[in-house]
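Below is work01.txt, holding compact mmCIF, C-alpha atoms.
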```
# COMPACT_ATOMS: atom_id res chain seq x y z
CA MET A 4 -24.32 -13.01 -15.75
CA ALA A 5 -26.02 -11.03 -12.98
CA GLU A 6 -24.82 -7.55 -12.11
CA LEU A 7 -25.11 -6.58 -8.45
CA VAL A 8 -24.20 -3.42 -6.58
CA PHE A 9 -23.64 -3.61 -2.81
CA VAL A 10 -23.93 -0.33 -0.92
CA GLY A 11 -22.46 0.29 2.55
CA CYS A 12 -23.58 3.12 4.81
CA TYR A 13 -23.52 4.81 8.20
CA THR A 14 -26.13 3.72 10.74
CA GLY A 15 -27.41 4.77 14.17
CA GLU A 16 -25.98 8.03 15.48
CA ALA A 17 -23.59 8.17 12.51
CA GLY A 18 -26.23 8.16 9.78
CA ASN A 19 -29.61 7.17 8.34
CA GLY A 20 -28.72 3.81 6.86
CA THR A 21 -29.70 0.31 7.98
CA GLY A 22 -26.79 -1.82 6.76
CA ILE A 23 -25.76 -3.23 3.37
CA THR A 24 -28.28 -2.70 0.58
CA THR A 25 -28.10 -4.82 -2.56
CA PHE A 26 -29.17 -3.45 -5.93
CA SER A 27 -29.41 -5.26 -9.23
CA ARG A 28 -28.05 -3.36 -12.23
CA SER A 29 -29.85 -3.61 -15.55
CA ALA A 30 -28.23 -3.68 -18.98
CA THR A 31 -28.99 0.04 -19.28
CA GLY A 32 -27.37 0.81 -15.93
CA GLU A 33 -30.53 1.28 -13.85
CA LEU A 34 -30.43 0.16 -10.20
CA HIS A 35 -33.21 -1.76 -8.45
CA GLU A 36 -33.10 -2.62 -4.74
CA VAL A 37 -33.33 -6.37 -4.15
CA ALA A 38 -32.17 -6.99 -0.54
CA THR A 39 -31.00 -5.37 2.69
CA LEU A 40 -28.99 -6.78 5.57
CA ALA A 41 -28.96 -4.93 8.89
CA LEU A 42 -25.38 -4.25 9.97
CA GLU A 43 -23.70 -1.56 12.07
CA SER A 44 -22.02 1.17 9.97
CA PRO A 45 -20.56 -0.97 7.16
CA SER A 46 -18.83 2.08 5.70
CA TRP A 47 -16.26 0.23 3.54
CA LEU A 48 -16.71 -3.01 1.61
CA THR A 49 -14.34 -5.23 -0.31
CA ARG A 50 -14.66 -8.55 -2.10
CA HIS A 51 -12.59 -11.71 -1.85
CA PRO A 52 -10.63 -12.10 -5.13
CA SER A 53 -12.04 -15.54 -5.97
CA LEU A 54 -14.91 -16.41 -3.60
CA PRO A 55 -18.48 -15.09 -3.24
CA VAL A 56 -17.50 -13.41 0.03
CA LEU A 57 -17.55 -9.75 1.07
CA TYR A 58 -15.89 -8.02 4.01
CA ALA A 59 -17.31 -4.95 5.73
CA VAL A 60 -15.83 -2.69 8.36
CA ASN A 61 -18.05 -1.82 11.28
CA GLU A 62 -16.87 1.75 11.75
CA THR A 63 -17.51 2.11 15.47
CA ALA A 64 -15.52 2.99 18.58
CA THR A 65 -15.04 -0.71 19.32
CA GLY A 66 -13.96 -1.54 15.76
CA GLU A 67 -14.99 -4.76 14.03
CA VAL A 68 -14.91 -6.39 10.62
CA THR A 69 -17.63 -8.72 9.31
CA ALA A 70 -17.32 -11.45 6.67
CA LEU A 71 -20.40 -12.19 4.55
CA SER A 72 -21.25 -14.66 1.83
CA PHE A 73 -23.56 -13.72 -1.03
CA ASP A 74 -25.53 -15.64 -3.65
CA ASP A 75 -26.48 -14.78 -7.21
CA SER A 76 -29.63 -12.98 -6.03
CA GLY A 77 -27.62 -10.60 -3.84
CA LYS A 78 -28.74 -12.10 -0.54
CA LEU A 79 -26.06 -11.77 2.16
CA SER A 80 -25.33 -14.08 5.10
CA VAL A 81 -22.96 -13.31 7.97
CA LEU A 82 -20.01 -15.70 8.24
CA GLY A 83 -18.41 -14.11 11.29
CA THR A 84 -17.13 -10.97 12.96
CA ALA A 85 -13.77 -10.09 14.51
CA GLY A 86 -12.40 -7.17 16.48
CA THR A 87 -9.96 -5.00 14.53
CA GLY A 88 -7.84 -3.92 17.50
CA GLY A 89 -8.53 -0.23 16.91
CA ALA A 90 -11.36 2.29 16.81
CA HIS A 91 -13.29 3.26 13.68
CA PRO A 92 -11.89 0.96 10.99
CA CYS A 93 -12.41 2.70 7.64
CA HIS A 94 -10.73 0.64 4.91
CA LEU A 95 -10.24 -3.00 3.95
CA ALA A 96 -8.27 -4.83 1.27
CA VAL A 97 -7.66 -8.51 0.56
CA THR A 98 -4.26 -9.62 -0.69
CA PRO A 99 -4.41 -10.92 -4.30
CA ASP A 100 -3.79 -14.50 -3.15
CA GLY A 101 -6.84 -14.33 -0.85
CA ARG A 102 -4.84 -15.32 2.24
CA PHE A 103 -4.99 -12.10 4.26
CA LEU A 104 -7.41 -9.27 5.03
CA LEU A 105 -5.87 -5.86 5.71
CA CYS A 106 -7.66 -3.30 7.87
CA ALA A 107 -6.96 0.40 8.52
CA ASN A 108 -8.15 1.66 11.93
CA TYR A 109 -8.69 5.40 11.55
CA THR A 110 -9.18 6.69 15.10
CA GLY A 111 -7.10 3.85 16.48
CA GLY A 112 -4.18 4.84 14.24
CA SER A 113 -3.27 1.22 13.56
CA LEU A 114 -2.97 -1.39 10.81
CA ALA A 115 -4.34 -4.90 11.32
CA VAL A 116 -3.90 -8.14 9.38
CA PHE A 117 -6.21 -11.17 9.52
CA ALA A 118 -5.65 -14.65 8.14
CA LEU A 119 -8.47 -15.93 5.93
CA SER A 120 -9.55 -19.55 5.61
CA SER A 121 -9.92 -21.38 2.30
CA SER A 122 -13.66 -20.60 2.49
CA GLY A 123 -13.01 -16.90 3.05
CA SER A 124 -13.95 -16.74 6.73
CA ILE A 125 -11.88 -14.65 9.12
CA GLU A 126 -9.41 -16.57 11.24
CA ALA A 127 -6.90 -15.12 13.71
CA ARG A 128 -5.57 -11.57 13.66
CA THR A 129 -1.93 -12.09 12.71
CA ALA A 130 -0.58 -8.54 13.15
CA LEU A 131 -1.46 -5.17 14.66
CA VAL A 132 0.93 -2.25 14.17
CA GLN A 133 0.37 1.02 16.04
CA HIS A 134 1.39 4.29 14.36
CA GLU A 135 2.58 7.33 16.30
CA GLY A 136 2.91 10.96 15.31
CA SER A 137 0.93 14.06 14.33
CA GLY A 138 0.69 16.78 11.69
CA PRO A 139 0.24 20.56 11.46
CA ARG A 140 -3.57 20.48 11.28
CA THR A 141 -4.29 20.23 15.01
CA ASP A 142 -8.02 19.68 14.44
CA ARG A 143 -7.50 16.59 12.28
CA GLN A 144 -3.85 15.57 12.72
CA GLU A 145 -3.55 15.45 16.51
CA ALA A 146 -2.56 11.77 16.25
CA ALA A 147 -1.98 8.98 13.75
CA HIS A 148 -5.02 8.14 11.60
CA VAL A 149 -4.48 5.19 9.28
CA HIS A 150 -6.90 5.63 6.36
CA MET A 151 -5.94 2.97 3.82
CA ALA A 152 -4.02 -0.31 3.56
CA VAL A 153 -2.69 -0.98 0.05
CA PRO A 154 -1.33 -4.44 -0.79
CA GLY A 155 1.63 -4.83 -3.15
CA PRO A 156 3.80 -7.83 -4.01
CA GLY A 157 4.74 -9.05 -0.53
CA ILE A 158 4.22 -5.62 1.02
CA VAL A 159 1.52 -3.43 2.57
CA SER A 160 1.53 0.38 2.37
CA ALA A 161 -0.47 2.18 5.06
CA VAL A 162 -1.64 5.72 4.29
CA ASP A 163 -1.68 7.84 7.47
CA LEU A 164 -3.80 10.99 7.33
CA GLY A 165 -2.65 12.09 10.78
CA THR A 166 1.11 11.98 10.21
CA ASP A 167 1.32 12.87 6.48
CA GLU A 168 3.12 9.60 5.76
CA ILE A 169 2.97 6.39 3.80
CA ARG A 170 4.37 3.61 6.00
CA SER A 171 5.20 0.40 4.18
CA TYR A 172 5.73 -3.03 5.65
CA THR A 173 6.89 -6.42 4.44
CA LEU A 174 4.03 -8.89 4.79
CA THR A 175 5.53 -12.16 5.99
CA PRO A 176 4.19 -15.58 4.90
CA SER A 177 2.58 -15.97 8.32
CA GLY A 178 0.81 -12.58 8.15
CA GLY A 179 3.27 -10.54 10.17
CA LEU A 180 4.31 -6.96 9.41
CA GLU A 181 7.95 -5.86 9.32
CA PRO A 182 8.87 -2.15 8.83
CA LEU A 183 10.11 -1.49 5.29
CA ALA A 184 9.94 2.24 4.42
CA VAL A 185 8.48 5.56 5.57
CA SER A 186 7.66 8.19 2.93
CA ALA A 187 6.84 11.76 3.91
CA LEU A 188 4.25 13.87 2.09
CA PRO A 189 3.88 17.68 2.16
CA PRO A 190 2.83 18.82 5.67
CA GLY A 191 -0.93 19.19 6.00
CA THR A 192 -1.70 16.96 3.00
CA GLY A 193 -3.83 14.62 5.09
CA PRO A 194 -3.35 11.59 2.80
CA ARG A 195 -6.45 9.44 2.51
CA GLN A 196 -5.79 7.02 -0.36
CA LEU A 197 -2.95 5.68 -2.49
CA VAL A 198 -3.63 4.25 -5.95
CA ARG A 199 -0.88 2.87 -8.19
CA ARG A 200 -1.01 3.48 -11.94
CA PRO A 201 -0.66 0.08 -13.64
CA GLY A 202 2.38 -0.39 -15.85
CA THR A 203 4.28 2.55 -14.35
CA ASP A 204 6.19 3.45 -11.18
CA LEU A 205 3.71 6.26 -10.47
CA ALA A 206 0.92 6.42 -7.91
CA TYR A 207 -1.59 9.04 -6.83
CA VAL A 208 -2.37 10.12 -3.28
CA VAL A 209 -5.64 11.78 -2.26
CA GLY A 210 -4.82 14.79 -0.05
CA GLU A 211 -8.06 15.07 1.92
CA LEU A 212 -7.05 18.06 4.05
CA ALA A 213 -5.08 20.03 1.45
CA GLY A 214 -7.62 19.52 -1.34
CA THR A 215 -4.98 18.03 -3.60
CA VAL A 216 -3.94 15.01 -5.62
CA VAL A 217 -0.26 14.25 -5.06
CA THR A 218 1.64 12.32 -7.72
CA VAL A 219 4.36 10.09 -6.26
CA ARG A 220 6.96 7.77 -7.76
CA GLU A 221 7.69 4.38 -6.18
CA THR A 222 11.48 4.44 -6.15
CA SER A 223 11.72 0.98 -4.58
CA PRO A 224 8.97 -1.35 -3.29
CA GLY A 225 6.96 0.62 -0.72
CA ALA A 226 9.10 3.78 -0.89
CA PHE A 227 7.63 6.87 -2.54
CA GLU A 228 8.92 10.32 -3.53
CA VAL A 229 6.71 13.32 -4.36
CA VAL A 230 6.65 14.28 -8.06
CA ALA A 231 3.89 16.90 -8.16
CA SER A 232 0.79 18.20 -6.40
CA THR A 233 -2.31 19.65 -8.04
CA PRO A 234 -5.73 20.89 -6.88
CA SER A 235 -8.26 18.05 -6.87
CA THR A 236 -10.97 20.06 -8.63
CA LEU A 237 -11.53 23.03 -10.91
CA SER A 238 -13.96 24.44 -8.34
CA SER A 239 -12.93 27.22 -5.94
CA VAL A 240 -15.45 26.13 -3.29
CA THR A 241 -13.89 25.55 0.14
CA PRO A 242 -13.51 23.70 2.35
CA ASN A 243 -12.96 20.67 0.16
CA LEU A 244 -12.46 17.27 1.77
CA VAL A 245 -11.23 15.08 -1.07
CA ALA A 246 -12.53 11.54 -0.74
CA HIS A 247 -12.03 8.88 -3.42
CA LEU A 248 -9.93 8.27 -6.52
CA GLU A 249 -10.37 5.87 -9.44
CA LEU A 250 -8.17 5.25 -12.48
CA THR A 251 -9.41 4.01 -15.82
CA GLY A 252 -7.10 4.03 -18.83
CA THR A 253 -5.61 7.51 -19.23
CA ARG A 254 -8.26 9.12 -17.04
CA MET A 255 -8.46 9.73 -13.29
CA TYR A 256 -11.61 10.61 -11.37
CA VAL A 257 -11.68 12.21 -7.91
CA SER A 258 -14.64 12.95 -5.62
CA ASN A 259 -14.67 16.29 -3.79
CA ARG A 260 -16.81 16.94 -0.71
CA GLY A 261 -17.66 20.63 -0.42
CA PRO A 262 -17.66 21.36 -4.15
CA ASP A 263 -19.75 18.15 -4.31
CA CYS A 264 -18.42 17.00 -7.65
CA VAL A 265 -16.45 14.26 -9.33
CA THR A 266 -13.49 15.75 -11.20
CA GLU A 267 -12.03 14.15 -14.32
CA PHE A 268 -8.29 14.38 -15.00
CA ALA A 269 -6.28 13.60 -18.13
CA LEU A 270 -3.37 11.69 -16.63
CA ASP A 271 -0.88 12.23 -19.42
CA GLU A 272 -1.42 15.99 -19.28
CA ALA A 273 -1.70 15.98 -15.46
CA ALA A 274 -4.62 18.36 -15.82
CA ALA A 275 -8.20 18.56 -14.58
CA VAL A 276 -10.65 18.37 -17.49
CA ALA A 277 -14.13 18.78 -15.99
CA ASP A 278 -16.20 18.82 -12.79
CA GLN A 279 -19.43 16.81 -12.69
CA ALA A 280 -22.06 17.61 -10.05
CA CYS A 281 -22.91 14.42 -8.18
CA GLY A 282 -25.00 15.20 -5.08
CA ALA A 283 -24.11 16.20 -1.54
CA ASN A 284 -21.04 14.77 0.17
CA PRO A 285 -19.74 12.30 -2.44
CA ARG A 286 -17.81 9.88 -0.25
CA HIS A 287 -17.08 7.02 -2.64
CA PHE A 288 -17.91 6.08 -6.22
CA ALA A 289 -17.48 3.26 -8.72
CA LEU A 290 -17.15 3.27 -12.51
CA VAL A 291 -19.05 0.59 -14.42
CA ASP A 292 -19.42 0.45 -18.22
CA GLY A 293 -19.18 4.21 -18.67
CA THR A 294 -21.43 5.08 -15.74
CA CYS A 295 -20.30 6.59 -12.43
CA TYR A 296 -22.24 5.51 -9.33
CA VAL A 297 -21.67 7.87 -6.40
CA ALA A 298 -22.36 7.35 -2.69
CA ALA A 299 -23.78 10.82 -2.03
CA GLN A 300 -23.85 10.47 1.74
CA SER A 301 -25.75 13.64 2.65
CA GLU A 302 -28.13 13.16 -0.29
CA ASP A 303 -29.30 9.82 1.14
CA ALA A 304 -28.94 8.42 -2.36
CA ILE A 305 -26.73 6.75 -4.87
CA THR A 306 -26.43 9.15 -7.78
CA ALA A 307 -25.46 8.03 -11.26
CA PHE A 308 -24.27 9.80 -14.38
CA THR A 309 -22.79 8.85 -17.73
CA LEU A 310 -19.15 9.79 -18.22
CA THR A 311 -19.04 12.51 -20.88
CA ALA A 312 -16.35 14.76 -22.36
CA SER A 313 -18.12 17.89 -21.12
CA GLY A 314 -18.68 16.74 -17.55
CA GLU A 315 -22.31 17.85 -17.75
CA ALA A 316 -24.38 14.69 -17.56
CA GLU A 317 -27.86 14.23 -16.15
CA LEU A 318 -28.00 12.79 -12.63
CA LYS A 319 -30.17 9.85 -11.64
CA TYR A 320 -31.03 9.24 -7.98
CA TYR A 321 -31.48 5.92 -6.15
CA PRO A 322 -32.58 6.55 -2.53
CA THR A 323 -30.70 4.80 0.28
CA GLY A 324 -29.75 6.06 3.74
CA SER A 325 -26.31 7.69 4.30
CA PRO A 326 -24.43 5.70 1.63
CA THR A 327 -20.65 5.60 1.96
CA PHE A 328 -19.49 2.86 -0.42
CA VAL A 329 -20.48 1.39 -3.80
CA LEU A 330 -19.27 -2.12 -4.72
CA PRO A 331 -20.24 -3.52 -8.14
CA VAL A 332 -20.03 -7.31 -8.43
CA SER A 333 -20.66 -9.64 -11.37
CA THR A 334 -21.95 -13.13 -10.60
CA PRO A 335 -22.16 -16.16 -12.93
```
Go through the file and emit its structure as structure tokens.
Amino acid sequence: MAELVFVGCYTGEAGNGTGITTFSRSATGELHEVATLALESPSWLTRHPSLPVLYAVNETATGEVTALSFDDSGKLSVLGTAGTGGAHPCHLAVTPDGRFLLCANYTGGSLAVFALSSSGSIEARTALVQHEGSGPRTDRQEAAHVHMAVPGPGIVSAVDLGTDEIRSYTLTPSGGLEPLAVSALPPGTGPRQLVRRPGTDLAYVVGELAGTVVTVRETSPGAFEVVASTPSTLSSVTPNLVAHLELTGTRMYVSNRGPDCVTEFALDEAAAVADQACGANPRHFALVDGTCYVAAQSEDAITAFTLTASGEAELKYYPTGSPTFVLPVSTP
């Protein structure tokens, strides 16, 4: 089985990257660059649940999404591109059945749905819902800013950084969106991501603007109530723009831009355990076999460290321009 790591980035005026870079990952966790595909600001990547197909946002003012096939060597080929209906798309997710691609348009403040073919290519856009509203942070919450689209059983929950809300919709069999629930978060939270904890009714929300992780309970499908809020790091460095969250077992990991660290939490104690330095501007990261691979955007590198109890592991650096996303993939 081959282990690949696809890295998205910012390009042009937005950054120093060139497109999607493919690395192979050795049995010891080392990365080796094997291919690059030129593409405009593929800042978020996601994989089809059953096909060798990736999807990348093109985070630009026009807003597009690109479908790509890949082979066992990591070589990518473009299958097609579609307009997202909103500016600066920043997040993608595929429904578990592989039928629909969900897209969050950040500047556009909208949520889009695309039908996918049996081969994974993008077909028609089936829905586009525009959010309205604002929040107390006038510099960042002057309008709706949809930052994440989270699929659930028959529903989609859209995290809106601009309005401090989670707006959930019923996803119809034809790919339409019908309003289901609106859940308010503390004013000024600036929610960026929502991650459910498997086997429970709890989920965790990244508060980018408040520097917090908000624990919420899903009281009914797509409806959430706030349980608690805690600082996203042990560090006192400000400002802190919280970025990404991953769950693994009873541990949660959160990347913090400003303190430039990945913070480990013990979920059952709801407490931060350790901060791990990870390079400048850690936008996204992925956990693979006990190693954390971080897209250190302003470091122009993927950094890697072994997860330890002390949070003081040695960093390894793998140069690549303005990385924003790390996607590990296993191939037969």
_Non-local contacts of A:Gly111 (7 Å; all atoms listed in the file; under 3 positions in same chain excluded) as an MDAnalysis selection string_ = chainID A and resid 89:91 108 148
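The nearest approach to A:Leu270 among the residues A:Ala30, A:Leu42, A:Val81, A:Met255, with all atoms listed in the file taken into account, belongs to A:Met255.
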*Counting only C-alpha atoms, figure out which residue out of A:His94, A:Arg102, A:Ala289, A:Pro139 gets nearest to A:Gln196.*
A:His94
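Taking all atoms listed in the file into account, A:Gly214 lies nearest to A:Thr241 out of the set A:Ala226, A:Ala269, A:Gly293, A:Thr241.
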*Residue neighbourhood A:Gly18, 12 Å, only C-alpha atoms, exclusion window fewer than 3 positions, as JSON, numbers by chain*: {"A": [11, 12, 13, 14, 15, 21, 22, 43, 44, 45, 46, 62, 300, 301, 302, 303, 323, 324, 325, 326, 327]}
*asked:* With only C-alpha atoms as the counted atoms, please give the residues lying no more than 12 Å from A:Leu197, apart from itself and same-chain residues fewer than 4 positions off, as number ranges by chain.
replied: A: 94, 149-155, 159-164, 168-171, 188, 193, 205-211, 216-221, 225, 227, 246-250
_Near-A:Ala127 list (8 Å; only C-alpha atoms; drop same-chain fewer than 4 positions) as a list of chain:residue names_ = A:Phe117, A:Ala118, A:Leu119
Sorted by chain and rising residue number, which residues of stretch 115-180 of chain A lie within 10 Å of stretch 49-54 of chain A, and what are their closest atom pairs and distances in Å to one decimal, counting all atoms listed in the file, as a tab-separated table?
```
residue	atom	partner	partner_atom	distance
A:Leu119	CA	A:His51	CA	9.8
A:Ser121	CA	A:Leu54	CA	9.2
A:Ser122	CA	A:Leu54	CA	7.5
A:Gly123	CA	A:Leu54	CA	6.9
```
Residue subset to file, keeping C-alpha atoms, as a PDB file, keeping the file's coordinate frame:
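What ended up in again13.pdb:
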```pdb
ATOM      1  CA  LEU A 119      -8.470 -15.930   5.930  1.00  0.00           C
ATOM      2  CA  SER A 121      -9.920 -21.380   2.300  1.00  0.00           C
ATOM      3  CA  SER A 122     -13.660 -20.600   2.490  1.00  0.00           C
ATOM      4  CA  GLY A 123     -13.010 -16.900   3.050  1.00  0.00           C
TER       5      GLY A 123
END
```
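Between atom CA of A:Arg199 and atom CA of A:Val291 lies a distance of 19.3 Å.
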Dump stretch 118-129 of chain A with all heavy atoms to a file, as a PDB file, in the first residue's frame.
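Written output follows (part34.pdb):
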```pdb
ATOM      1  N   ALA A 118     -23.993  17.998  -7.677  1.00  0.00           N
ATOM      2  CA  ALA A 118     -24.181  16.571  -7.910  1.00  0.00           C
ATOM      3  C   ALA A 118     -22.898  15.996  -8.495  1.00  0.00           C
ATOM      4  O   ALA A 118     -22.220  16.649  -9.303  1.00  0.00           O
ATOM      5  CB  ALA A 118     -25.340  16.337  -8.867  1.00  0.00           C
ATOM      6  N   LEU A 119     -22.549  14.781  -8.081  1.00  0.00           N
ATOM      7  CA  LEU A 119     -21.376  14.095  -8.606  1.00  0.00           C
ATOM      8  C   LEU A 119     -21.804  12.881  -9.421  1.00  0.00           C
ATOM      9  O   LEU A 119     -22.764  12.185  -9.063  1.00  0.00           O
ATOM     10  CB  LEU A 119     -20.463  13.647  -7.462  1.00  0.00           C
ATOM     11  CG  LEU A 119     -19.905  14.750  -6.564  1.00  0.00           C
ATOM     12  CD1 LEU A 119     -19.081  14.141  -5.430  1.00  0.00           C
ATOM     13  CD2 LEU A 119     -19.059  15.735  -7.368  1.00  0.00           C
ATOM     14  N   SER A 120     -21.083  12.628 -10.493  1.00  0.00           N
ATOM     15  CA  SER A 120     -21.388  11.467 -11.329  1.00  0.00           C
ATOM     16  C   SER A 120     -20.844  10.200 -10.679  1.00  0.00           C
ATOM     17  O   SER A 120     -20.122  10.241  -9.678  1.00  0.00           O
ATOM     18  CB  SER A 120     -20.755  11.646 -12.712  1.00  0.00           C
ATOM     19  OG  SER A 120     -19.339  11.483 -12.618  1.00  0.00           O
ATOM     20  N   SER A 121     -21.154   9.057 -11.274  1.00  0.00           N
ATOM     21  CA  SER A 121     -20.670   7.778 -10.742  1.00  0.00           C
ATOM     22  C   SER A 121     -19.160   7.657 -10.841  1.00  0.00           C
ATOM     23  O   SER A 121     -18.541   6.852 -10.132  1.00  0.00           O
ATOM     24  CB  SER A 121     -21.339   6.620 -11.485  1.00  0.00           C
ATOM     25  OG  SER A 121     -21.058   6.698 -12.875  1.00  0.00           O
ATOM     26  N   SER A 122     -18.542   8.478 -11.714  1.00  0.00           N
ATOM     27  CA  SER A 122     -17.081   8.477 -11.851  1.00  0.00           C
ATOM     28  C   SER A 122     -16.428   9.554 -10.985  1.00  0.00           C
ATOM     29  O   SER A 122     -15.207   9.691 -10.973  1.00  0.00           O
ATOM     30  CB  SER A 122     -16.685   8.698 -13.318  1.00  0.00           C
ATOM     31  OG  SER A 122     -17.129   9.975 -13.766  1.00  0.00           O
ATOM     32  N   GLY A 123     -17.250  10.327 -10.273  1.00  0.00           N
ATOM     33  CA  GLY A 123     -16.720  11.349  -9.385  1.00  0.00           C
ATOM     34  C   GLY A 123     -16.597  12.726  -9.988  1.00  0.00           C
ATOM     35  O   GLY A 123     -16.195  13.671  -9.294  1.00  0.00           O
ATOM     36  N   SER A 124     -16.923  12.887 -11.262  1.00  0.00           N
ATOM     37  CA  SER A 124     -16.838  14.211 -11.882  1.00  0.00           C
ATOM     38  C   SER A 124     -17.986  15.104 -11.402  1.00  0.00           C
ATOM     39  O   SER A 124     -19.023  14.617 -10.943  1.00  0.00           O
ATOM     40  CB  SER A 124     -16.862  14.099 -13.403  1.00  0.00           C
ATOM     41  OG  SER A 124     -18.076  13.521 -13.840  1.00  0.00           O
ATOM     42  N   ILE A 125     -17.778  16.406 -11.504  1.00  0.00           N
ATOM     43  CA  ILE A 125     -18.772  17.372 -11.042  1.00  0.00           C
ATOM     44  C   ILE A 125     -19.832  17.566 -12.111  1.00  0.00           C
ATOM     45  O   ILE A 125     -19.513  17.872 -13.265  1.00  0.00           O
ATOM     46  CB  ILE A 125     -18.112  18.720 -10.706  1.00  0.00           C
ATOM     47  CG1 ILE A 125     -17.057  18.526  -9.613  1.00  0.00           C
ATOM     48  CG2 ILE A 125     -19.146  19.740 -10.259  1.00  0.00           C
ATOM     49  CD1 ILE A 125     -16.206  19.757  -9.368  1.00  0.00           C
ATOM     50  N   GLU A 126     -21.089  17.386 -11.715  1.00  0.00           N
ATOM     51  CA  GLU A 126     -22.189  17.653 -12.634  1.00  0.00           C
ATOM     52  C   GLU A 126     -22.803  19.012 -12.280  1.00  0.00           C
ATOM     53  O   GLU A 126     -22.088  19.944 -11.968  1.00  0.00           O
ATOM     54  CB  GLU A 126     -23.201  16.508 -12.568  1.00  0.00           C
ATOM     55  CG  GLU A 126     -22.616  15.182 -13.035  1.00  0.00           C
ATOM     56  CD  GLU A 126     -23.615  14.058 -13.123  1.00  0.00           C
ATOM     57  OE1 GLU A 126     -24.546  14.014 -12.291  1.00  0.00           O
ATOM     58  OE2 GLU A 126     -23.477  13.219 -14.028  1.00  0.00           O
ATOM     59  N   ALA A 127     -24.092  19.140 -12.312  1.00  0.00           N
ATOM     60  CA  ALA A 127     -24.734  20.438 -12.103  1.00  0.00           C
ATOM     61  C   ALA A 127     -24.679  20.877 -10.642  1.00  0.00           C
ATOM     62  O   ALA A 127     -24.662  20.055  -9.725  1.00  0.00           O
ATOM     63  CB  ALA A 127     -26.187  20.366 -12.560  1.00  0.00           C
ATOM     64  N   ARG A 128     -24.662  22.210 -10.438  1.00  0.00           N
ATOM     65  CA  ARG A 128     -24.874  22.740  -9.098  1.00  0.00           C
ATOM     66  C   ARG A 128     -26.360  22.620  -8.795  1.00  0.00           C
ATOM     67  O   ARG A 128     -27.200  23.117  -9.536  1.00  0.00           O
ATOM     68  CB  ARG A 128     -24.411  24.196  -9.019  1.00  0.00           C
ATOM     69  CG  ARG A 128     -24.374  24.725  -7.587  1.00  0.00           C
ATOM     70  CD  ARG A 128     -23.687  26.078  -7.500  1.00  0.00           C
ATOM     71  NE  ARG A 128     -24.483  27.129  -8.095  1.00  0.00           N
ATOM     72  CZ  ARG A 128     -24.011  28.096  -8.872  1.00  0.00           C
ATOM     73  NH1 ARG A 128     -22.733  28.131  -9.177  1.00  0.00           N
ATOM     74  NH2 ARG A 128     -24.807  29.025  -9.349  1.00  0.00           N
ATOM     75  N   THR A 129     -26.686  21.946  -7.687  1.00  0.00           N
ATOM     76  CA  THR A 129     -28.086  21.653  -7.388  1.00  0.00           C
ATOM     77  C   THR A 129     -28.695  22.625  -6.385  1.00  0.00           C
ATOM     78  O   THR A 129     -29.917  22.663  -6.227  1.00  0.00           O
ATOM     79  CB  THR A 129     -28.224  20.224  -6.838  1.00  0.00           C
ATOM     80  OG1 THR A 129     -27.408  20.087  -5.666  1.00  0.00           O
ATOM     81  CG2 THR A 129     -27.784  19.203  -7.890  1.00  0.00           C
TER      82      THR A 129
END
```
